[in-house]
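Read the structure below first, then the notes.
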Amino acid sequence: MLFQRLRSATLFFALVAGLAASACREAPPVLKVACQGDTSVIRAVNCARDSIERSGSPVKVDLVFDNAPRWSPAEVIVCTDAFCREPGLMAVIGFTSSDASLASARMLNRHEIVQIVPTATSPKLDDTGPWTFRLCPGDEYQAEVLASTALETLGAGRCALLYQNNDYGRELATLFRRGYEDLGGVISFAAQLGSGFDDPTNLDLYVRQVIESAPDLLVLVCQPEQAEVVQQELLRRGSTLPLLGSDSLGTHSALLKRIHLFEGMYVLLFYHHDFAFPGNADFVDCFRSNRGGVPGYEAALAHDALLLLHQAVLEGARTSEDIRDWLAALVDRPPIIGVAGPIRFHRGRQAWRPLHLAEIRNGEVHLVSDADQLIEEPNVR
């Protein structure tokens, strides 16, 4: 009798243990991600989560948002510190600018939390640590494209150059100038604008010297807010000088507010809403349905960042360290296809993607280059 009781008790506890183990195995994996960005970025990330849920994925996506404008190093550190205090946080999507991304990357690497930077291009991000990945190639590539576009595509043998006084502006301007002159182009005038978005310091002087230097093209390496005050001064002086903007001018939400000023301007883009990559049409529809108009590249790449993190968890990643290793392994496996194109990381944990030339016509951004044309990837693994 005692033996039977012991045997029954053993079977009971074995059954309970088995059920508990089964429940643990069946618990859905959780992906907890923090995201910093404006309304368009948050809208795009929510669209990505909706897409994941509609797919029937077993992964539960838990999102933490900060949509306050974060530009100064002090503000970035406050935001990043709050993210690091989130229990169970596995990754951060952000920030949108190079300066902010650099400030946050150092802290996130110390806390060993994966960071996916959607749009920052500073080469300094390569040196922040093994936990930071970016979805855009560095300024070296963009400078090469800017130089060849100015000289070979647009036929500008003389360029004036105005650039923003921050890491992004100074680095890209230096690289562009070197590449453009190596191709045989002449820089007729160059000056750095103030660090603020609409800093008018010496603007009238700069614009007058730009015009007097008789360039074929003005290259702008700055934000749309700065480009606006430059263009207004050009128009005030009766200038019709053609403009070529770097990728920062393609920040869609900011560009649309002042697009009427930039008729005829050329700009480089990492993404366009007409791309035919899988899922992009659904993403654009989702973005529009939330009263967002059409998404820009900053929104699209934030969307792809969440899809990328989800794929890592879907394939077995359960910690931030697992995600880091999974992302690093994309060097040696077929790329993941996002709405903005293929994603595979190379040297410095940067993804490569082509830049596309667009022109502003009739108040809209139209692609000049073929949206589906994939330029050969550089040998940077």
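Just remember, in the structure tokens the first chain shown is A, the second B, etc., residues are 1-based per chain, and ligands are 1-based in the order shown.
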Give me every strand (DSSP E) residue in region 84-296 of chain A, going by DSSP on the backbone, as a PyMOL selection string.
chain A and resi 91-93+114-117+132-134+158-164+186-193+217-221+243-245+266-269
Hey, what's within 8 Å of region 31-46 of chain A if we count only C-alpha atoms and toss same-chain stuff fewer than 4 positions away? As a PDB file with C-alpha atoms, in the first residue's frame, please?
ATOM      1  CA  ASP A  50       1.010  45.124 -36.826  1.00  0.00           C
ATOM      2  CA  VAL A  59       6.774  36.346 -30.899  1.00  0.00           C
ATOM      3  CA  LYS A  60       5.178  38.957 -28.629  1.00  0.00           C
ATOM      4  CA  VAL A  61       6.546  42.420 -29.431  1.00  0.00           C
ATOM      5  CA  ASP A  62       6.724  44.846 -26.487  1.00  0.00           C
ATOM      6  CA  LEU A  63       7.577  48.417 -27.522  1.00  0.00           C
ATOM      7  CA  VAL A  64       8.759  51.374 -25.434  1.00  0.00           C
ATOM      8  CA  PHE A  65       8.706  54.777 -27.145  1.00  0.00           C
ATOM      9  CA  ASP A  66      10.311  58.158 -26.660  1.00  0.00           C
ATOM     10  CA  ASN A  67       9.147  60.688 -29.254  1.00  0.00           C
ATOM     11  CA  ALA A  68      10.638  63.826 -27.715  1.00  0.00           C
ATOM     12  CA  PRO A  69      13.166  65.662 -29.917  1.00  0.00           C
ATOM     13  CA  PHE A  83      15.900  52.922 -21.874  1.00  0.00           C
ATOM     14  CA  GLY A  88      14.125  42.951 -19.971  1.00  0.00           C
ATOM     15  CA  LEU A  89      15.077  45.408 -22.712  1.00  0.00           C
ATOM     16  CA  MET A  90      16.732  43.567 -25.608  1.00  0.00           C
ATOM     17  CA  ALA A  91      17.388  46.280 -28.203  1.00  0.00           C
ATOM     18  CA  VAL A  92      17.078  49.963 -29.039  1.00  0.00           C
ATOM     19  CA  ILE A  93      16.077  51.443 -32.399  1.00  0.00           C
ATOM     20  CA  GLY A  94      17.569  54.927 -32.735  1.00  0.00           C
ATOM     21  CA  PHE A  95      18.703  57.588 -32.940  1.00  0.00           C
ATOM     22  CA  THR A  96      18.106  59.346 -36.251  1.00  0.00           C
ATOM     23  CA  SER A 253       8.374  64.864 -42.850  1.00  0.00           C
ATOM     24  CA  PHE A 283       3.726  49.301 -45.298  1.00  0.00           C
ATOM     25  CA  PHE A 287       1.419  54.360 -42.875  1.00  0.00           C
ATOM     26  CA  ASN A 290      -2.691  56.393 -39.836  1.00  0.00           C
ATOM     27  CA  GLY A 292       0.851  59.769 -42.139  1.00  0.00           C
ATOM     28  CA  PRO A 295       6.703  57.403 -45.427  1.00  0.00           C
ATOM     29  CA  GLU A 298      13.797  57.432 -41.703  1.00  0.00           C
ATOM     30  CA  ALA A 299      10.416  55.756 -41.141  1.00  0.00           C
ATOM     31  CA  ALA A 300      11.065  52.868 -43.539  1.00  0.00           C
ATOM     32  CA  ALA A 302      12.995  52.077 -38.454  1.00  0.00           C
ATOM     33  CA  HIS A 303      10.244  49.732 -39.702  1.00  0.00           C
ATOM     34  CA  LEU A 306      11.962  46.002 -35.943  1.00  0.00           C
ATOM     35  CA  LEU A 309      14.959  42.100 -34.574  1.00  0.00           C
ATOM     36  CA  HIS A 310      11.802  40.017 -34.839  1.00  0.00           C
ATOM     37  CA  VAL A 313      13.943  36.148 -32.064  1.00  0.00           C
ATOM     38  CA  ARG A 318      16.309  35.182 -26.504  1.00  0.00           C
TER      39      ARG A 318
END
Test item, helix (DSSP H, G or I) assignment across region 214-368 of chain A, answer as JSON, numbers by chain:
{"A": [224, 225, 226, 227, 228, 229, 230, 231, 232, 233, 234, 235, 236, 247, 248, 249, 250, 252, 253, 254, 255, 256, 259, 260, 261, 262, 280, 281, 282, 283, 284, 285, 286, 287, 288, 289, 297, 298, 299, 300, 301, 302, 303, 304, 305, 306, 307, 308, 309, 310, 311, 312, 313, 314, 320, 321, 322, 323, 324, 325, 326, 327, 328, 329, 330, 331, 332, 347, 348, 349]}
All residues 12 Å or closer to Lys257 (chain A), only C-alpha atoms, same chain fewer than 6 positions away omitted, as a ChimeraX atom specification:
/A:224-225,228,249-251,363-364
Per residue of region 44-69 of chain A within 12 Å of region 334-355 of chain A, which atom pair is closest and at what distance in Å (one decimal), using only C-alpha atoms, listed by chain and increasing number, as JSON lines?
{"residue": "A:Ala44", "atom": "CA", "partner": "A:Val339", "partner_atom": "CA", "distance": 11.1}
{"residue": "A:Cys47", "atom": "CA", "partner": "A:Val339", "partner_atom": "CA", "distance": 11.7}
{"residue": "A:Ala48", "atom": "CA", "partner": "A:Val339", "partner_atom": "CA", "distance": 10.2}
{"residue": "A:Ser51", "atom": "CA", "partner": "A:Val339", "partner_atom": "CA", "distance": 11.9}
For Gln209 (chain A), which residue among A:Leu162, A:Leu327, A:Leu102, A:Leu135 is the nearest when counting only C-alpha atoms?
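Among A:Leu162, A:Leu327, A:Leu102, A:Leu135, it is A:Leu162 that comes nearest to Gln209 (chain A).
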Could you give me, as a PyMOL selection string, the residues within 12 Å of Ala358 (chain A), counting only C-alpha atoms and dropping anything in the same chain fewer than 3 positions from it?
chain A and resi 149+243-247+249-250+263-274+355+361+364-371
Would you output that residue set with N, CA and C atoms, as a tab-separated table (two decimals), in the first residue's frame?
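Writing done, so here's selection.tsv:
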chain	number	residue	atom	x	y	z
A	149	THR	N	27.51	61.99	-58.90
A	149	THR	CA	26.24	62.56	-59.33
A	149	THR	C	26.42	64.00	-59.78
A	243	LEU	N	20.28	72.88	-57.10
A	243	LEU	CA	20.68	72.36	-55.80
A	243	LEU	C	20.76	70.83	-55.84
A	244	LEU	N	21.76	70.29	-55.11
A	244	LEU	CA	21.87	68.85	-54.88
A	244	LEU	C	22.02	68.65	-53.38
A	245	GLY	N	21.11	67.88	-52.78
A	245	GLY	CA	21.13	67.67	-51.34
A	245	GLY	C	21.58	66.28	-50.96
A	246	SER	N	22.25	66.17	-49.83
A	246	SER	CA	22.65	64.87	-49.29
A	246	SER	C	21.43	64.17	-48.70
A	247	ASP	N	21.63	62.97	-48.16
A	247	ASP	CA	20.50	62.17	-47.67
A	247	ASP	C	19.73	62.86	-46.56
A	249	LEU	N	18.69	65.77	-46.42
A	249	LEU	CA	17.62	66.59	-47.00
A	249	LEU	C	16.43	65.74	-47.42
A	250	GLY	N	16.60	64.44	-47.43
A	250	GLY	CA	15.49	63.56	-47.78
A	250	GLY	C	14.64	63.16	-46.58
A	263	GLU	N	11.56	73.26	-55.67
A	263	GLU	CA	11.23	72.77	-57.01
A	263	GLU	C	12.50	72.65	-57.86
A	264	GLY	N	12.72	71.47	-58.43
A	264	GLY	CA	13.89	71.23	-59.26
A	264	GLY	C	15.11	70.74	-58.51
A	265	MET	N	15.07	70.70	-57.17
A	265	MET	CA	16.23	70.25	-56.40
A	265	MET	C	16.40	68.74	-56.55
A	266	TYR	N	17.65	68.30	-56.65
A	266	TYR	CA	17.99	66.88	-56.63
A	266	TYR	C	18.40	66.49	-55.21
A	267	VAL	N	18.06	65.27	-54.81
A	267	VAL	CA	18.40	64.82	-53.47
A	267	VAL	C	18.66	63.32	-53.51
A	268	LEU	N	19.56	62.87	-52.65
A	268	LEU	CA	19.86	61.44	-52.55
A	268	LEU	C	18.98	60.79	-51.50
A	269	LEU	N	18.45	59.61	-51.81
A	269	LEU	CA	17.53	58.91	-50.92
A	269	LEU	C	17.98	57.45	-50.73
A	270	PHE	N	17.77	56.93	-49.53
A	270	PHE	CA	17.96	55.51	-49.28
A	270	PHE	C	16.67	54.73	-49.51
A	271	TYR	N	15.56	55.43	-49.63
A	271	TYR	CA	14.25	54.76	-49.74
A	271	TYR	C	13.28	55.68	-50.45
A	272	HIS	N	12.35	55.07	-51.20
A	272	HIS	CA	11.24	55.81	-51.81
A	272	HIS	C	9.99	54.94	-51.69
A	273	HIS	N	8.85	55.58	-51.49
A	273	HIS	CA	7.62	54.81	-51.24
A	273	HIS	C	7.17	53.99	-52.44
A	274	ASP	N	7.76	54.22	-53.62
A	274	ASP	CA	7.41	53.43	-54.80
A	274	ASP	C	8.26	52.17	-54.96
A	355	LEU	N	22.15	54.28	-52.80
A	355	LEU	CA	21.49	55.58	-52.77
A	355	LEU	C	20.84	55.83	-54.12
A	361	ARG	N	9.64	67.60	-58.22
A	361	ARG	CA	8.88	68.16	-59.34
A	361	ARG	C	7.41	68.25	-58.95
A	364	GLU	N	6.37	67.10	-55.45
A	364	GLU	CA	6.53	65.71	-55.06
A	364	GLU	C	7.96	65.25	-55.32
A	365	VAL	N	8.34	64.18	-54.62
A	365	VAL	CA	9.69	63.62	-54.77
A	365	VAL	C	9.62	62.47	-55.76
A	366	HIS	N	10.28	62.63	-56.93
A	366	HIS	CA	10.23	61.62	-57.98
A	366	HIS	C	11.60	60.98	-58.14
A	367	LEU	N	11.62	59.65	-58.25
A	367	LEU	CA	12.88	58.95	-58.47
A	367	LEU	C	13.41	59.24	-59.86
A	368	VAL	N	14.70	59.48	-59.96
A	368	VAL	CA	15.39	59.62	-61.24
A	368	VAL	C	16.04	58.30	-61.60
A	369	SER	N	16.68	57.65	-60.62
A	369	SER	CA	17.30	56.34	-60.85
A	369	SER	C	16.26	55.25	-60.66
A	370	ASP	N	16.53	54.07	-61.20
A	370	ASP	CA	15.62	52.94	-61.13
A	370	ASP	C	15.53	52.43	-59.70
A	371	ALA	N	14.31	52.40	-59.16
A	371	ALA	CA	14.14	52.00	-57.75
A	371	ALA	C	14.52	50.56	-57.51
Distance in Å - CA of Arg333 (chain A) versus CA of Leu314 (chain A)
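These two atoms are separated by 16.1 Å.
Closest to Leu183 (chain A) among A:Glu212, A:Asp304, A:Asp204, A:Glu152 is A:Glu152, based on only C-alpha atoms.
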CA of Ala105 (chain A) and CA of Glu171 (chain A), how far apart in Å?
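Going from CA of Glu171 (chain A) over to CA of Ala105 (chain A), I get 18.5 Å.
Nearest residue to Tyr141 (chain A), choosing from A:Leu154, A:Ile113, A:Leu172, A:Val76 and counting only C-alpha atoms: A:Leu172.
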Between CA of Ala160 (chain A) and CA of Leu218 (chain A), what is the spacing in Å?
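Between these atoms lies a distance of 4.8 Å.
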Of the candidates A:Gln231, A:Ser148, A:Ser248, A:Ser320, which one gets nearest to Arg208 (chain A) if we count only C-alpha atoms?
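Closest to Arg208 (chain A) of all the choices is A:Gln231.
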